>>> print(open('coords_30.txt').read())   # compact mmCIF, C-alpha atoms
# COMPACT_ATOMS: atom_id res chain seq x y z
CA MET A 1 -23.02 7.86 -1.04
CA ALA A 2 -20.73 10.32 -2.78
CA ASP A 3 -19.85 9.89 -6.45
CA ILE A 4 -16.87 7.54 -6.30
CA LYS A 5 -15.10 5.42 -8.90
CA TYR A 6 -13.53 2.85 -6.60
CA HIS A 7 -15.81 1.41 -3.92
CA ARG A 8 -13.49 -1.17 -2.39
CA VAL A 9 -9.89 0.00 -2.12
CA LEU A 10 -6.66 -1.52 -0.88
CA LEU A 11 -4.05 1.05 0.13
CA LYS A 12 -0.38 0.04 0.38
CA ILE A 13 1.65 2.27 2.69
CA SER A 14 5.36 1.73 3.14
CA GLY A 15 6.77 1.65 6.63
CA GLU A 16 8.80 4.75 5.76
CA GLY A 17 5.50 6.55 5.18
CA LEU A 18 4.91 6.47 8.94
CA CYS A 19 8.05 8.43 9.80
CA ARG A 20 9.68 11.63 8.65
CA PRO A 21 11.95 11.50 5.56
CA GLY A 22 15.20 9.79 6.48
CA GLY A 23 13.83 8.93 9.90
CA PHE A 24 13.13 5.74 11.75
CA GLY A 25 10.32 4.38 13.90
CA ILE A 26 6.88 5.97 14.02
CA ASP A 27 6.20 9.71 13.93
CA ALA A 28 2.98 10.75 15.66
CA ASP A 29 2.43 13.77 13.40
CA GLU A 30 2.80 11.67 10.24
CA LEU A 31 0.36 9.12 11.62
CA LYS A 32 -2.22 11.79 12.38
CA ARG A 33 -1.81 13.35 8.93
CA ILE A 34 -2.30 10.00 7.21
CA GLY A 35 -5.21 9.18 9.50
CA LYS A 36 -7.06 12.33 8.49
CA GLU A 37 -6.56 11.52 4.80
CA LEU A 38 -7.94 8.03 5.31
CA LYS A 39 -10.90 9.29 7.30
CA SER A 40 -11.83 11.68 4.50
CA VAL A 41 -11.94 8.71 2.11
CA CYS A 42 -14.03 6.56 4.45
CA GLU A 43 -16.51 9.43 4.78
CA LEU A 44 -17.22 9.02 1.06
CA GLY A 45 -18.50 5.50 1.72
CA VAL A 46 -15.39 3.71 0.45
CA GLN A 47 -14.59 0.26 1.84
CA LEU A 48 -10.95 0.64 2.86
CA ALA A 49 -8.31 -2.04 3.46
CA ILE A 50 -4.67 -1.23 4.19
CA VAL A 51 -1.41 -3.12 3.89
CA VAL A 52 1.45 -1.50 5.77
CA GLY A 53 5.15 -2.23 5.35
CA GLY A 54 7.73 -2.48 8.09
CA GLY A 55 10.84 -0.78 6.73
CA ASN A 56 10.74 1.93 9.39
CA ILE A 57 11.17 -0.78 12.04
CA VAL A 58 13.45 -3.35 10.40
CA ARG A 59 14.40 -4.40 6.86
CA GLY A 60 14.94 -8.14 6.86
CA ARG A 61 17.42 -8.32 4.01
CA GLU A 62 19.53 -5.45 5.32
CA ILE A 63 19.71 -6.63 8.90
CA ALA A 64 20.69 -10.09 7.64
CA ALA A 65 23.45 -8.63 5.48
CA HIS A 66 24.94 -6.49 8.25
CA GLY A 67 23.84 -8.03 11.52
CA GLY A 68 24.93 -11.67 11.41
CA ILE A 69 21.32 -12.80 11.22
CA GLU A 70 19.97 -15.36 8.76
CA GLU A 71 17.97 -13.73 5.98
CA VAL A 72 14.91 -15.86 6.67
CA THR A 73 14.99 -14.70 10.31
CA GLY A 74 15.32 -11.11 9.14
CA HIS A 75 12.20 -11.50 7.01
CA TYR A 76 10.21 -12.81 9.96
CA MET A 77 11.44 -9.85 12.00
CA GLY A 78 10.18 -7.56 9.24
CA MET A 79 6.76 -9.24 9.35
CA LEU A 80 6.54 -8.52 13.07
CA GLY A 81 7.51 -4.92 12.30
CA THR A 82 4.43 -4.64 10.08
CA VAL A 83 2.28 -5.77 13.01
CA ILE A 84 3.70 -2.93 15.13
CA ASN A 85 2.87 -0.45 12.38
CA ALA A 86 -0.62 -1.88 11.85
CA LEU A 87 -1.44 -1.46 15.54
CA ALA A 88 -0.23 2.16 15.41
CA VAL A 89 -2.43 2.87 12.38
CA GLN A 90 -5.37 1.13 14.07
CA ASP A 91 -5.22 3.26 17.21
CA THR A 92 -4.77 6.44 15.16
CA LEU A 93 -7.85 5.70 13.06
CA GLU A 94 -9.96 4.73 16.04
CA LEU A 95 -9.08 7.99 17.80
CA LEU A 96 -10.53 9.66 14.70
CA GLY A 97 -13.77 7.70 15.11
CA LEU A 98 -13.24 4.90 12.59
CA ASN A 99 -13.96 1.25 13.40
CA THR A 100 -11.00 -0.94 12.50
CA ARG A 101 -9.72 -4.50 12.57
CA VAL A 102 -6.13 -5.72 12.24
CA GLN A 103 -5.64 -9.11 10.59
CA SER A 104 -2.21 -10.70 10.51
CA ALA A 105 -0.81 -13.44 8.28
CA VAL A 106 1.46 -14.31 11.24
CA ALA A 107 -0.39 -15.54 14.31
CA VAL A 108 -0.28 -12.86 17.05
CA ASP A 109 -3.64 -13.64 18.62
CA ARG A 110 -3.12 -11.56 21.74
CA VAL A 111 -3.15 -8.34 19.73
CA CYS A 112 -5.05 -8.97 16.48
CA GLU A 113 -7.08 -11.41 14.42
CA LYS A 114 -5.51 -13.90 12.05
CA PHE A 115 -6.24 -13.32 8.38
CA ILE A 116 -9.47 -14.97 7.26
CA ARG A 117 -10.63 -13.83 3.84
CA ARG A 118 -14.39 -14.10 4.38
CA ARG A 119 -14.16 -12.35 7.75
CA ALA A 120 -12.10 -9.54 6.21
CA ILE A 121 -14.72 -9.01 3.51
CA ARG A 122 -17.49 -8.99 6.11
CA HIS A 123 -15.63 -6.34 8.12
CA LEU A 124 -15.39 -4.19 4.98
CA GLU A 125 -19.09 -4.64 4.25
CA LYS A 126 -19.84 -3.44 7.78
CA GLY A 127 -17.82 -0.27 7.19
CA ARG A 128 -14.75 -1.24 9.19
CA VAL A 129 -11.24 -0.41 8.00
CA VAL A 130 -9.23 -3.63 7.75
CA ILE A 131 -5.46 -3.40 8.23
CA PHE A 132 -3.52 -6.40 6.94
CA ALA A 133 -0.24 -7.12 8.71
CA GLY A 134 2.43 -9.80 8.44
CA GLY A 135 2.80 -9.58 4.66
CA THR A 136 1.90 -12.95 3.15
CA GLY A 137 3.22 -14.78 6.19
CA ASN A 138 6.14 -16.10 4.15
CA PRO A 139 9.80 -15.02 3.98
CA PHE A 140 11.41 -13.73 0.78
CA VAL A 141 8.14 -12.03 -0.26
CA THR A 142 7.67 -8.26 -0.20
CA THR A 143 4.74 -6.43 1.33
CA ASP A 144 4.00 -5.13 -2.18
CA THR A 145 3.26 -8.71 -3.18
CA GLY A 146 1.28 -9.06 0.03
CA ALA A 147 -0.78 -6.03 -1.00
CA ALA A 148 -1.41 -7.47 -4.48
CA LEU A 149 -2.45 -10.78 -2.93
CA ARG A 150 -4.86 -9.22 -0.44
CA ALA A 151 -6.32 -6.89 -3.09
CA SER A 152 -7.01 -9.93 -5.28
CA GLU A 153 -8.46 -11.95 -2.41
CA ILE A 154 -10.93 -9.29 -1.24
CA GLY A 155 -11.96 -8.28 -4.76
CA ALA A 156 -10.62 -4.73 -4.49
CA ASP A 157 -11.54 -2.34 -7.30
CA VAL A 158 -8.05 -0.84 -7.17
CA LEU A 159 -4.72 -1.10 -5.39
CA LEU A 160 -3.45 2.32 -4.36
CA LYS A 161 0.33 2.49 -3.92
CA ALA A 162 1.20 5.47 -1.73
CA THR A 163 4.56 7.09 -2.46
CA LYS A 164 6.40 10.32 -1.68
CA VAL A 165 6.37 11.44 -5.35
CA ASP A 166 3.47 12.21 -7.67
CA GLY A 167 3.51 8.92 -9.57
CA VAL A 168 5.71 6.95 -11.96
CA TYR A 169 8.33 8.89 -13.94
CA ASP A 170 10.46 7.99 -16.95
CA ARG A 171 13.50 8.81 -14.81
CA ASP A 172 14.19 9.44 -11.15
CA PRO A 173 12.57 12.86 -10.48
CA VAL A 174 14.78 13.39 -7.44
CA GLN A 175 17.93 13.08 -9.54
CA ASP A 176 16.57 14.64 -12.75
CA PRO A 177 14.16 17.60 -12.53
CA THR A 178 13.26 17.15 -16.24
CA ALA A 179 11.81 13.68 -15.58
CA LYS A 180 8.31 13.29 -17.01
CA LEU A 181 5.33 11.87 -15.15
CA LEU A 182 3.77 8.86 -16.88
CA ASP A 183 0.04 9.07 -16.30
CA HIS A 184 -1.18 5.77 -17.80
CA LEU A 185 0.79 2.56 -18.32
CA ASN A 186 0.11 -1.05 -19.22
CA TYR A 187 1.13 -3.73 -16.73
CA ASN A 188 3.60 -5.13 -19.28
CA ALA A 189 5.24 -1.72 -19.73
CA VAL A 190 5.95 -1.58 -16.00
CA ILE A 191 7.32 -5.13 -15.95
CA ASP A 192 9.41 -4.81 -19.14
CA ALA A 193 10.97 -1.48 -18.14
CA ARG A 194 11.49 -2.64 -14.53
CA LEU A 195 9.93 0.59 -13.35
CA GLU A 196 10.10 1.02 -9.59
CA VAL A 197 6.36 0.95 -9.05
CA MET A 198 6.06 -2.32 -7.17
CA ASP A 199 8.05 -5.50 -7.47
CA VAL A 200 7.47 -7.58 -10.60
CA ALA A 201 5.63 -10.36 -8.75
CA ALA A 202 3.12 -7.83 -7.38
CA ILE A 203 2.44 -6.24 -10.78
CA ASP A 204 2.12 -9.68 -12.38
CA MET A 205 -0.42 -10.75 -9.76
CA CYS A 206 -2.47 -7.58 -10.30
CA GLN A 207 -2.41 -8.18 -14.05
CA ARG A 208 -3.54 -11.80 -13.74
CA ASN A 209 -6.40 -10.82 -11.43
CA GLY A 210 -7.44 -7.62 -13.18
CA VAL A 211 -6.63 -5.27 -10.30
CA PRO A 212 -5.63 -1.80 -11.53
CA VAL A 213 -2.88 0.02 -9.64
CA VAL A 214 -2.73 3.76 -8.99
CA VAL A 215 0.61 5.15 -7.82
CA PHE A 216 0.10 8.51 -6.11
CA ASN A 217 1.54 10.92 -3.57
CA LEU A 218 -0.16 10.47 -0.19
CA LYS A 219 1.79 13.46 1.15
CA ARG A 220 -0.43 15.85 -0.83
CA GLU A 221 -3.59 16.67 1.09
CA GLY A 222 -6.75 15.42 -0.60
CA ASN A 223 -4.95 13.26 -3.17
CA MET A 224 -6.39 9.95 -2.05
CA ARG A 225 -9.90 11.36 -1.91
CA ASP A 226 -9.44 12.64 -5.46
CA VAL A 227 -8.15 9.25 -6.64
CA VAL A 228 -11.13 7.27 -5.36
CA GLN A 229 -13.44 9.80 -7.01
CA GLY A 230 -11.78 9.07 -10.34
CA LYS A 231 -9.78 12.26 -10.78
CA PRO A 232 -6.55 11.93 -12.84
CA ILE A 233 -4.06 11.81 -9.98
CA GLY A 234 -0.75 9.96 -10.17
CA THR A 235 -0.11 7.04 -12.53
CA LEU A 236 -2.72 4.44 -13.47
CA VAL A 237 -1.43 0.98 -14.35
CA ASP A 238 -3.92 -1.34 -16.04
CA SER A 239 -4.48 -3.37 -19.21
CA ALA A 240 -5.44 -0.33 -21.29
CA GLY A 241 -2.40 1.85 -20.63
CA ALA A 242 0.55 2.63 -22.88
CA GLU A 243 2.51 -0.46 -23.90
CA ASN A 244 5.90 1.17 -23.30
CA VAL A 245 7.43 4.18 -21.60
CA SER A 246 8.06 6.07 -24.86
CA ALA A 247 4.40 5.88 -25.81
CA ALA A 248 3.36 7.21 -22.40
CA ILE A 249 5.49 10.37 -22.60
>>> encode(input="coords_30.txt", output="C-alpha cells")
Amino acid sequence: MADIKYHRVLLKISGEGLCRPGGFGIDADELKRIGKELKSVCELGVQLAIVVGGGNIVRGREIAAHGGIEEVTGHYMGMLGTVINALAVQDTLELLGLNTRVQSAVAVDRVCEKFIRRRAIRHLEKGRVVIFAGGTGNPFVTTDTGAALRASEIGADVLLKATKVDGVYDRDPVQDPTAKLLDHLNYNAVIDARLEVMDVAAIDMCQRNGVPVVVFNLKREGNMRDVVQGKPIGTLVDSAGAENVSAAI
C-alpha cells in the first residue's frame, strides 16, 4: 500500500460538481474527470465512500419557494435527485474498473441497496466504493449533514469536502482577489465565524465525533490524491486549528 495519511475517506461532492459551472443536470465530461480522480485515490489502497448532493437536479427549498410545492415535498424530491446522481457516479466508476455499491437512506430497492451501516463497512473493507444517496432520509437536513453523519457512522479518518475553490478564505475569493486562504482552522472558528464550509450542524457533528474536515478543490488534477497522502492541500478543520479567522491569516 502507498504511503497514505487517511485510509478510510468520505468524499462529499455537491450536485453542481457533476455539471459545468452555471449548468444543470449531469455533464458526461465532468463525470469522467471526477471518476479518474477517484480511481487514482482508490489505486493507493484508500477505502472510499462518497456522499453526493442533488442541487444539479432539484433544490428542495427553491422549488418550494417558486413552484407552489410544499417544502417538505421539495426536500424529498431533492433526496431522489441524489439517487440519480449516485447511479451516474456508480456507472462512471464501474466503467473505469472500480467495484461500487450505492446505498440509499430512502428505499429505492429496484436500483440500489438501503443503507445498512455494517454492510457499508464490509463493502469498504472489500475494496468497494460505497456511494451514499438520499441524504439522511429526512427533510430539512442538508447533504452536508448527511455526509458528516455517514463519516461518523463508518469511522472515516477524514471528511473531504470538494469545492470549486482551493479551500476556505477569509473573504469570498470570487468577489475579492485579495482574499487569503485559511489553511488550518478549529471547528469552533468555522462555527463562530459562520464560514461557508459546511452547515453548522455538519461541522458540529464532525467536532463531536472527532472527524477532521478537509476543504479542497476537486477541479485541480491530483488534488485529492495529494490530500489523502497528507500533503498540505486546501483547508484542514480539526480540534488543533486556529481558534479564529484572524489567527489563521
>>> atom_distance(input="coords_30.txt", atom1="CA of Asp166 (chain A)", atom2="CA of Phe216 (chain A)")
5.2 Å
>>> residues_near_point(input="coords_30.txt", point="(-1.2, 1.5, -11.7)", cutoff="10 Å", atoms="all atoms listed in the file", output="PyMOL selection string")
chain A and resi 158-161+167-168+183-187+190+197-198+203+206+211-216+234-239+241
>>> residues_around(input="coords_30.txt", residues="region 98-109 of chain A", least_positions_apart="2", cutoff="7 Å", atoms="all atoms listed in the file", output="CSV table (one decimal) with C-alpha atoms, in the coordinates of the input")
chain,number,residue,atom,x,y,z
A,86,ALA,CA,-0.6,-1.9,11.8
A,90,GLN,CA,-5.4,1.1,14.1
A,93,LEU,CA,-7.8,5.7,13.1
A,94,GLU,CA,-10.0,4.7,16.0
A,96,LEU,CA,-10.5,9.7,14.7
A,111,VAL,CA,-3.2,-8.3,19.7
A,112,CYS,CA,-5.0,-9.0,16.5
A,113,GLU,CA,-7.1,-11.4,14.4
A,114,LYS,CA,-5.5,-13.9,12.0
A,115,PHE,CA,-6.2,-13.3,8.4
A,128,ARG,CA,-14.8,-1.2,9.2
A,129,VAL,CA,-11.2,-0.4,8.0
A,130,VAL,CA,-9.2,-3.6,7.8
A,131,ILE,CA,-5.5,-3.4,8.2
A,132,PHE,CA,-3.5,-6.4,6.9
A,133,ALA,CA,-0.2,-7.1,8.7
A,134,GLY,CA,2.4,-9.8,8.4
A,135,GLY,CA,2.8,-9.6,4.7
A,136,THR,CA,1.9,-13.0,3.2
A,137,GLY,CA,3.2,-14.8,6.2
>>> closest_residue(input="coords_30.txt", among="A:Asp204, A:Asp176, A:Asp157, A:Asp144", to="Lys12 (chain A)", atoms="all atoms listed in the file")
A:Asp144
>>> residues_around(input="coords_30.txt", residues="region 29-31 of chain A", least_positions_apart="4", cutoff="8 Å", atoms="all atoms listed in the file", output="list in words")
Gly17, Leu18, Cys19, Arg20, Gly35, Ala88, Val89 and Thr92 of chain A
>>> write_last_selection(input="coords_30.txt", atoms="C-alpha atoms", output="mmCIF file, in the frame of the given file")
data_model
loop_
_atom_site.group_PDB
_atom_site.id
_atom_site.type_symbol
_atom_site.label_atom_id
_atom_site.label_comp_id
_atom_site.auth_asym_id
_atom_site.auth_seq_id
_atom_site.Cartn_x
_atom_site.Cartn_y
_atom_site.Cartn_z
ATOM 1 C CA GLY A 17 5.500 6.550 5.180
ATOM 2 C CA LEU A 18 4.910 6.470 8.940
ATOM 3 C CA CYS A 19 8.050 8.430 9.800
ATOM 4 C CA ARG A 20 9.680 11.630 8.650
ATOM 5 C CA GLY A 35 -5.210 9.180 9.500
ATOM 6 C CA ALA A 88 -0.230 2.160 15.410
ATOM 7 C CA VAL A 89 -2.430 2.870 12.380
ATOM 8 C CA THR A 92 -4.770 6.440 15.160
#
>>> atom_distance(input="coords_30.txt", atom1="CA of Asp3 (chain A)", atom2="CA of Leu44 (chain A)")
8.0 Å
>>> residues_around(input="coords_30.txt", residues="Pro139 (chain A)", least_positions_apart="3", cutoff="10 Å", atoms="all atoms listed in the file", output="NGL selection string")
:A and (60 or 71-79 or 135-136 or 142)
>>> residues_near_point(input="coords_30.txt", point="(-10.0, -0.2, 1.1)", cutoff="8 Å", atoms="only C-alpha atoms", output="list in words")
His7, Arg8, Val9, Leu10, Leu11, Val46, Gln47, Leu48, Ala49, Ile50, Leu124, Val129, Val130 and Ala156 of chain A
>>> closest_residue(input="coords_30.txt", among="A:Gly230, A:Gly155, A:Gly146, A:Gly97", to="Arg118 (chain A)", atoms="only C-alpha atoms")
A:Gly155
>>> closest_residue(input="coords_30.txt", among="A:Thr143, A:Leu195, A:Gly127, A:Ile26", to="Leu87 (chain A)", atoms="all atoms listed in the file")
A:Ile26
>>> atom_distance(input="coords_30.txt", atom1="CA of Ala202 (chain A)", atom2="CA of Val141 (chain A)")
9.7 Å
>>> build_atoms(input="coords_30.txt", residues="region 63-82 of chain A", atoms="N, CA and C atoms", output="PDB file, in the coordinates of the input")
ATOM      1  N   ILE A  63      19.211  -6.226   7.582  1.00  0.00           N
ATOM      2  CA  ILE A  63      19.710  -6.630   8.900  1.00  0.00           C
ATOM      3  C   ILE A  63      20.437  -7.973   8.798  1.00  0.00           C
ATOM      4  N   ALA A  64      20.000  -8.809   7.848  1.00  0.00           N
ATOM      5  CA  ALA A  64      20.690 -10.090   7.640  1.00  0.00           C
ATOM      6  C   ALA A  64      22.075  -9.862   7.049  1.00  0.00           C
ATOM      7  N   ALA A  65      22.173  -8.882   6.146  1.00  0.00           N
ATOM      8  CA  ALA A  65      23.450  -8.630   5.480  1.00  0.00           C
ATOM      9  C   ALA A  65      24.478  -8.016   6.422  1.00  0.00           C
ATOM     10  N   HIS A  66      24.012  -7.235   7.406  1.00  0.00           N
ATOM     11  CA  HIS A  66      24.940  -6.490   8.250  1.00  0.00           C
ATOM     12  C   HIS A  66      24.931  -6.905   9.717  1.00  0.00           C
ATOM     13  N   GLY A  67      23.982  -7.752  10.095  1.00  0.00           N
ATOM     14  CA  GLY A  67      23.840  -8.030  11.520  1.00  0.00           C
ATOM     15  C   GLY A  67      24.141  -9.449  11.941  1.00  0.00           C
ATOM     16  N   GLY A  68      24.642 -10.297  11.039  1.00  0.00           N
ATOM     17  CA  GLY A  68      24.930 -11.670  11.410  1.00  0.00           C
ATOM     18  C   GLY A  68      23.697 -12.480  11.695  1.00  0.00           C
ATOM     19  N   ILE A  69      22.598 -12.106  11.035  1.00  0.00           N
ATOM     20  CA  ILE A  69      21.320 -12.800  11.220  1.00  0.00           C
ATOM     21  C   ILE A  69      20.953 -13.482   9.910  1.00  0.00           C
ATOM     22  N   GLU A  70      20.407 -14.683   9.977  1.00  0.00           N
ATOM     23  CA  GLU A  70      19.970 -15.360   8.760  1.00  0.00           C
ATOM     24  C   GLU A  70      18.904 -14.534   8.061  1.00  0.00           C
ATOM     25  N   GLU A  71      18.927 -14.552   6.715  1.00  0.00           N
ATOM     26  CA  GLU A  71      17.970 -13.730   5.980  1.00  0.00           C
ATOM     27  C   GLU A  71      16.533 -14.130   6.276  1.00  0.00           C
ATOM     28  N   VAL A  72      16.277 -15.424   6.394  1.00  0.00           N
ATOM     29  CA  VAL A  72      14.910 -15.860   6.670  1.00  0.00           C
ATOM     30  C   VAL A  72      14.437 -15.313   8.020  1.00  0.00           C
ATOM     31  N   THR A  73      15.340 -15.279   9.011  1.00  0.00           N
ATOM     32  CA  THR A  73      14.990 -14.700  10.310  1.00  0.00           C
ATOM     33  C   THR A  73      14.709 -13.209  10.172  1.00  0.00           C
ATOM     34  N   GLY A  74      15.532 -12.538   9.376  1.00  0.00           N
ATOM     35  CA  GLY A  74      15.320 -11.110   9.140  1.00  0.00           C
ATOM     36  C   GLY A  74      13.959 -10.831   8.541  1.00  0.00           C
ATOM     37  N   HIS A  75      13.519 -11.698   7.624  1.00  0.00           N
ATOM     38  CA  HIS A  75      12.200 -11.500   7.010  1.00  0.00           C
ATOM     39  C   HIS A  75      11.077 -11.669   8.037  1.00  0.00           C
ATOM     40  N   TYR A  76      11.222 -12.646   8.911  1.00  0.00           N
ATOM     41  CA  TYR A  76      10.210 -12.810   9.960  1.00  0.00           C
ATOM     42  C   TYR A  76      10.205 -11.610  10.899  1.00  0.00           C
ATOM     43  N   MET A  77      11.376 -11.065  11.189  1.00  0.00           N
ATOM     44  CA  MET A  77      11.440  -9.850  12.000  1.00  0.00           C
ATOM     45  C   MET A  77      10.709  -8.702  11.316  1.00  0.00           C
ATOM     46  N   GLY A  78      10.885  -8.592   9.998  1.00  0.00           N
ATOM     47  CA  GLY A  78      10.180  -7.560   9.240  1.00  0.00           C
ATOM     48  C   GLY A  78       8.681  -7.738   9.301  1.00  0.00           C
ATOM     49  N   MET A  79       8.200  -8.989   9.245  1.00  0.00           N
ATOM     50  CA  MET A  79       6.760  -9.240   9.350  1.00  0.00           C
ATOM     51  C   MET A  79       6.216  -8.750  10.680  1.00  0.00           C
ATOM     52  N   LEU A  80       6.978  -8.992  11.756  1.00  0.00           N
ATOM     53  CA  LEU A  80       6.540  -8.520  13.070  1.00  0.00           C
ATOM     54  C   LEU A  80       6.561  -6.989  13.131  1.00  0.00           C
ATOM     55  N   GLY A  81       7.497  -6.370  12.390  1.00  0.00           N
ATOM     56  CA  GLY A  81       7.510  -4.920  12.300  1.00  0.00           C
ATOM     57  C   GLY A  81       6.228  -4.376  11.682  1.00  0.00           C
ATOM     58  N   THR A  82       5.684  -5.101  10.702  1.00  0.00           N
ATOM     59  CA  THR A  82       4.430  -4.640  10.080  1.00  0.00           C
ATOM     60  C   THR A  82       3.268  -4.726  11.066  1.00  0.00           C
TER      61      THR A  82
END
